[in-house]
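Heads up: the structure comes next, in structure tokens.
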Amino acid sequence: MVAEVPGASCFFNVQTDGKDDDDDKYAAAMTAPRMFLTFKKPNKYQLRAYVYQARDLMAADKSGLSDPYARVCFHTQSQVTEKLKKTLCPTWDQTLLFDEVEIHGDPNDLQRQPPKIVIEIFDHDQFGENEFLGRVSAEPIVKLDPSDPRVPALQWYEIKRWNSYAGELLASFELYADTQDLPFYPPKRGELYIVPSGIRPVMQRTAIEVLSWGMRNMKKYQLSSVTSPCVEFEIGGHMLKTKVIKDTKKSPNYDEPLLFFDVLLPKEELYMPPMNIKVRDHRQFGRKPAVGHCVLKSLEEFRVNPLAIEGATDDSQKPQPPTTEVQIEPAAADAGPPGEHVIDMPATDGATKKEDEESVNLLIDAPQEPVLGSAPEGTPAAPAVPPADGTPVPAVAQVEDTLMTEMDWWSKYYASTGDLEKCKQYVEKGYETIQVYDKELENVNPDHNGFNDFCSSFELNRGKDSDDEESDVVGELKGTFRVYPLPGDPNIPLPDKVLVNLPPSTPEPCIIRVYVIKAMDLQPGDPSGLADPFLSIRLGKAKIDTDDNYVPNSINPVFGNMFELEETLPLYKDLTIKVKDYDLFTSNDTIGETVIDLENRLLTKHRATCGLAQTYCTSGPNQWRDCQTPKEILEQQCLRKGLEPPTYYGNNGVKVGTRVFNLGDFEKNAVLRSDLGPPEERLALHVVNTMDLVPEHIETRPLYNTLQPGIEQGRIQLWVDIFPKSLGPPGLPVDISPRQPKKFVLRCIIWNTVDVVLDEESFTGEQMSDIYVKGWLSGIDDKQRTDIHYRSLDGDGNFNWRMVFPFEYMPAEQKMVVRKKEHFFSLDKTEERLPAKLVIQIWDNDKFSADDFLGVLELDLNNMPKPVKRSGSCKLSQLPTMDNPGGIKLVSLFEQKRFKGFWPCYNETPEGKRELTGKVEMELEVVTEEEAELRPAAKAQDEPNMNPHLDPPKRPETSFLWFMSPWKTFKFIIWRRYKWYFFGLLLFILIVLLVVLFLYSFPGASMDKIFSSI
């Protein structure tokens, strides 16, 4: 409709007869503005869709595969590719031509805004509807001029299915203006057009070495176990398959694990087709169902140096032994870094410069600093220097208290974590430490590649059968690849294979020791915000639970458990460590778990079976525990690197490759202890430590729970040792059991108090105090008190009173262990570690009101001031203050065993200053439980009253309770203070009596006198 009158309304009024409501609705719908674009004729175009391949498609069939085809929709036309059978990575290599596509509009606008092309992927089913696998949209390159030189490069498009990733499509698109000069059609493959050579990837001859080591953790398929699998590898239309494993329950590895592809593959990694891995199980009656599949999008990480195809012969790569005698001399100052002694080696027959360079490259630089016996920073320097020949310096035996010199593995741990207060003796002796990592061992060194240097783990999926399972993963394939180009000329010999010198594929019986130290920041499992954690270890059929030894009321438990298991690797390779929460009436809940692949650690070239110690010790907390000696390890590493076995020159030199290492360089300025092993073993260990091997360590692994995937439930510190039985028996296990406190008894005898402030005034006006002393160990609810010294008029108190405090103490950590229930309804006691602090308080007793606090004395039994012998010398300056905590020399009662003398007691003024309020004379003695049984002593003055014997205190007669002794009250309170008043009153009474008698007898006597005179 075109407006004939200028200025006409854009609204059109459609009139109806109004007889029908539907007519009114139609008229209302038509009464709306209408805009129309009019084109006289369309433009014709030709679309060329180059659909090369797809990868990582979804599995639509029960076999875990699909029969995919692609439908390309453009404008009003659509075409489909051919249908490929049973693949998730189809390579169609097809060009779809859309001829005479009519598109209206300006061609230049079309070039600026190309139209969308929709590609849909379907799974072909013979019965029923085809299943939708995903959709992707793309834009073509618009060429209005057929001579346009632009080439539509293939690119990957992400396929989406319901907004989820569903694979990738490699394709490109061209839209030509339909003229007479269109390019030639692409070449055909049968009836189908293929992708032309200018667009398809450039191919080159490529070698792929496949190592199919074995199958792991295969789940059941159709209610039957997968026992006889084989693996099919397919890439670029070429397929190879392994032999069949006879029985995975006996050996899950392949007897002939190596396969070799010689195929033409794209030169550019972007176009590299995926590696399709399919696992089939061989069953009765010739059935070979596909039980798992895996698609590797890229093999880039498995590419090796292309120069390897030019490699030399084996003879040229091996270092030649020396033909002349080598003289070992001390290294010069400018000869190189410490620990490395380089000498000029005579060239042997056939030796070349290239051989020397290759031998040198196989060695690792020596350490820059000696590690043997090196003391931590801040400790005194070693007073002695060892001889150059490596002979140990005899140690001077010192007789010390075993409680104070006890050094266990925990001392080494605390020294490594920087908690020096718990390992003072260990640090002072300068013993070596251990590496404590804050992550998994596999992720510590990026160069180790998660210990996948020998083989990787490829997860297998099963398509639609995974719906009833918790995870899509139905098993693992252990293997690896090596990809490198080959010469284009087939007449040139192939280079040497890369995957050579493989270890035996037969199962290896091993002893596995799992050391679990502690867990940190666990997820609380109880309403109290705490948990009762314990460990559950599982490896194959072996399972160990420690629910009988759970740690109560803790989210940071210290386990200190060692578990020893015997299993055959790789029949059972996954070590599962769970931390569970103990519940009395319900099932135990899993807090979190971590899984360790033991096979990777066993096979890696970095030797992750047992961490290498810094020193070779035959005793003590650093005793060697590996099943191989350092010399055996060094020989094994030389064999692995293709070197000649090491040559030893006496006890202080060893030649590895073309270098000679001197023991004196490693142990320069270090004190050699009596617990060290032979010099040649120490030297071999120093050399091995220069290689890229796993050191002695503790790893920290996160814990996860399947109920909250991806959320960390805590962390656990541990390490794992793996000892193959073929290498011999391992050393003694490390004792990491938690430190157990020792039982001690503190005996505190309160002899006297002096100069105690007089806090009360008697009714007679005297200043006095009813003194008693209270004492306890901080954190222990056992407060003891003396009897009361009543009516102390000069601040002196006599007691002769013994207080006995049994307690548990850890000498190495200098902490007191206190176990008590948090509340009445608690089932278990909670353990705390507190400083051993004695609190002594002086009080004034009141019978009819609260007692008055007079003074306090707090003594840390590990760092306490010395007492003085005389009370006159006892001052507040004896005690350390916040302003000057290190100005007073402090001693340890555990070292001195016994103290006797005077200590000051103080009280704080409102201004926060200390004020001397008394002095206490007491005797402190700490004894072990065994000594307490040999030398018994009871509390107070009870029997047995000995060690020492306490006599009753000799208190003055004025010390009594006034309302319990009325006669003493009159004698020592009333009479002593008011006796002169009594004498004066008596005299006054006598005088009054005399006056009264005088007055009474005076009249009669006067009358008698008068009358007698008459």
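Residue numbers start at 1 in each chain; chains themselves are named A, B, ... in the order of the structure tokens; ligands are numbered from 1 in the order shown.
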
Within 7 Å of Lys725 of chain A using only C-alpha atoms, minus same-chain residues under 6 positions, as a ChimeraX atom specification: /A:509-511

In segment 608-712 of chain A, DSSP strand (DSSP E or B) residues written as a PyMOL selection string: chain A and resi 612+617+623+647-649+653-656+659-662+676+695+697-705+708-712

Shell around segment 552-558 of chain A at 8 Å using only C-alpha atoms, local window under 3 positions removed, as a list in words: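 Near neighbours after the sequence-gap exclusion: Ile517, Lys518, Ala519, Met520, Asp521, Leu522, Gln523, Pro524, Leu530, Ala531, Asp532, Pro533, Pro738, Asp828, Lys829 and Thr830 of chain A.
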
Save out the residues we just selected, all heavy atoms, as a compact mmCIF listing (two decimals), in the first residue's frame.
```txt
# COMPACT_ATOMS: atom_id res chain seq x y z
N ILE A 517 50.69 -36.62 59.76
CA ILE A 517 51.16 -35.80 60.87
C ILE A 517 49.98 -35.12 61.57
O ILE A 517 49.70 -35.37 62.73
CB ILE A 517 52.17 -34.76 60.37
CG1 ILE A 517 53.34 -35.49 59.69
CG2 ILE A 517 52.67 -33.89 61.50
CD1 ILE A 517 54.24 -34.59 58.91
N LYS A 518 49.28 -34.28 60.84
CA LYS A 518 48.17 -33.56 61.45
C LYS A 518 47.27 -33.01 60.37
O LYS A 518 47.61 -33.00 59.18
CB LYS A 518 48.67 -32.42 62.35
CG LYS A 518 49.40 -31.31 61.61
CD LYS A 518 49.84 -30.22 62.58
CE LYS A 518 50.51 -29.07 61.85
NZ LYS A 518 50.93 -27.99 62.78
N ALA A 519 46.09 -32.58 60.78
CA ALA A 519 45.14 -31.91 59.90
C ALA A 519 44.91 -30.49 60.40
O ALA A 519 45.09 -30.20 61.59
CB ALA A 519 43.82 -32.68 59.82
N MET A 520 44.51 -29.62 59.50
CA MET A 520 44.35 -28.21 59.83
C MET A 520 43.05 -27.68 59.24
O MET A 520 42.68 -28.02 58.12
CB MET A 520 45.53 -27.40 59.29
CG MET A 520 46.88 -27.83 59.83
SD MET A 520 48.28 -27.12 58.92
CE MET A 520 48.13 -28.00 57.38
N ASP A 521 42.37 -26.88 60.04
CA ASP A 521 41.17 -26.15 59.60
C ASP A 521 40.13 -27.09 59.01
O ASP A 521 39.59 -26.87 57.92
CB ASP A 521 41.54 -25.08 58.57
CG ASP A 521 42.54 -24.07 59.11
OD1 ASP A 521 42.49 -23.81 60.33
OD2 ASP A 521 43.34 -23.55 58.33
N LEU A 522 39.83 -28.16 59.75
CA LEU A 522 38.81 -29.10 59.29
C LEU A 522 37.43 -28.48 59.39
O LEU A 522 37.17 -27.59 60.21
CB LEU A 522 38.86 -30.40 60.11
CG LEU A 522 40.13 -31.24 59.99
CD1 LEU A 522 40.03 -32.46 60.88
CD2 LEU A 522 40.38 -31.65 58.55
N GLN A 523 36.55 -28.98 58.55
CA GLN A 523 35.16 -28.54 58.60
C GLN A 523 34.52 -29.10 59.86
O GLN A 523 34.56 -30.30 60.09
CB GLN A 523 34.41 -29.02 57.36
CG GLN A 523 33.00 -28.49 57.22
CD GLN A 523 32.97 -27.03 56.82
OE1 GLN A 523 33.98 -26.49 56.39
NE2 GLN A 523 31.84 -26.40 56.96
N PRO A 524 33.91 -28.27 60.72
CA PRO A 524 33.30 -28.80 61.95
C PRO A 524 32.18 -29.79 61.63
O PRO A 524 31.43 -29.62 60.67
CB PRO A 524 32.75 -27.55 62.65
CG PRO A 524 33.51 -26.41 62.05
CD PRO A 524 33.82 -26.80 60.64
N LEU A 530 33.12 -27.96 66.59
CA LEU A 530 34.33 -28.76 66.61
C LEU A 530 34.04 -30.10 65.94
O LEU A 530 32.97 -30.31 65.37
CB LEU A 530 34.84 -28.95 68.04
CG LEU A 530 35.19 -27.67 68.81
CD1 LEU A 530 35.53 -27.99 70.26
CD2 LEU A 530 36.35 -26.94 68.13
N ALA A 531 34.98 -30.99 66.02
CA ALA A 531 34.83 -32.32 65.44
C ALA A 531 35.65 -33.30 66.25
O ALA A 531 36.48 -32.91 67.09
CB ALA A 531 35.26 -32.33 63.96
N ASP A 532 35.37 -34.58 66.03
CA ASP A 532 36.12 -35.67 66.65
C ASP A 532 36.79 -36.48 65.54
O ASP A 532 36.35 -37.58 65.19
CB ASP A 532 35.20 -36.57 67.48
CG ASP A 532 34.45 -35.79 68.55
OD1 ASP A 532 35.05 -34.88 69.14
OD2 ASP A 532 33.26 -36.08 68.77
N PRO A 533 37.84 -35.95 64.92
CA PRO A 533 38.39 -36.57 63.70
C PRO A 533 39.21 -37.82 63.98
O PRO A 533 39.87 -37.95 65.01
CB PRO A 533 39.25 -35.46 63.10
CG PRO A 533 39.64 -34.62 64.27
CD PRO A 533 38.52 -34.69 65.26
N PRO A 738 52.65 -38.79 68.42
CA PRO A 738 52.62 -37.50 69.13
C PRO A 738 53.40 -37.55 70.44
O PRO A 738 53.47 -38.59 71.11
CB PRO A 738 51.12 -37.26 69.37
CG PRO A 738 50.43 -38.08 68.35
CD PRO A 738 51.29 -39.29 68.14
N ASP A 828 34.07 -36.25 76.15
CA ASP A 828 35.52 -36.39 76.14
C ASP A 828 36.17 -35.14 76.71
O ASP A 828 35.58 -34.05 76.72
CB ASP A 828 36.04 -36.63 74.72
CG ASP A 828 35.39 -37.85 74.09
OD1 ASP A 828 35.71 -38.97 74.52
OD2 ASP A 828 34.57 -37.65 73.18
N LYS A 829 37.38 -35.33 77.13
CA LYS A 829 38.16 -34.21 77.65
C LYS A 829 38.90 -33.52 76.50
O LYS A 829 39.36 -34.18 75.56
CB LYS A 829 39.17 -34.69 78.70
CG LYS A 829 38.52 -35.23 79.96
CD LYS A 829 39.57 -35.65 80.97
CE LYS A 829 38.93 -36.15 82.25
NZ LYS A 829 39.93 -36.57 83.25
N THR A 830 39.00 -32.24 76.61
CA THR A 830 39.72 -31.45 75.63
C THR A 830 41.12 -31.17 76.13
O THR A 830 41.31 -30.81 77.30
CB THR A 830 38.99 -30.12 75.36
OG1 THR A 830 37.65 -30.41 74.92
CG2 THR A 830 39.71 -29.31 74.30
```

Residue nearest Leu634 of chain A - candidates A:Ala670, A:Leu47, A:Ala684, A:Leu612, atoms counted: only C-alpha atoms: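 Looking only at the distances to Leu634 of chain A, the closest residue turns out to be A:Ala684.
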
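Between Arg607 of chain A and the candidates A:Val996, A:Met203, A:Met691, A:Leu258, the tightest atom-to-atom separation, counting only C-alpha atoms, involves A:Met691.
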
Residue nearest His697 of chain A - candidates A:Ile711, A:Val444, A:Leu685, A:Leu676, atoms counted: only C-alpha atoms: A:Val444

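Of the residues listed (A:Val295, A:Leu264, A:Leu876, A:Leu154), A:Val295 shows the shortest atom-to-atom separation from Thr87 of chain A; distances use only C-alpha atoms.
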
Backbone-only DSSP, helix (DSSP H, G or I) members of segment 598-811 of chain A, as a PyMOL selection string: chain A and resi 598-603+630-640+663-666+679-689+725-727
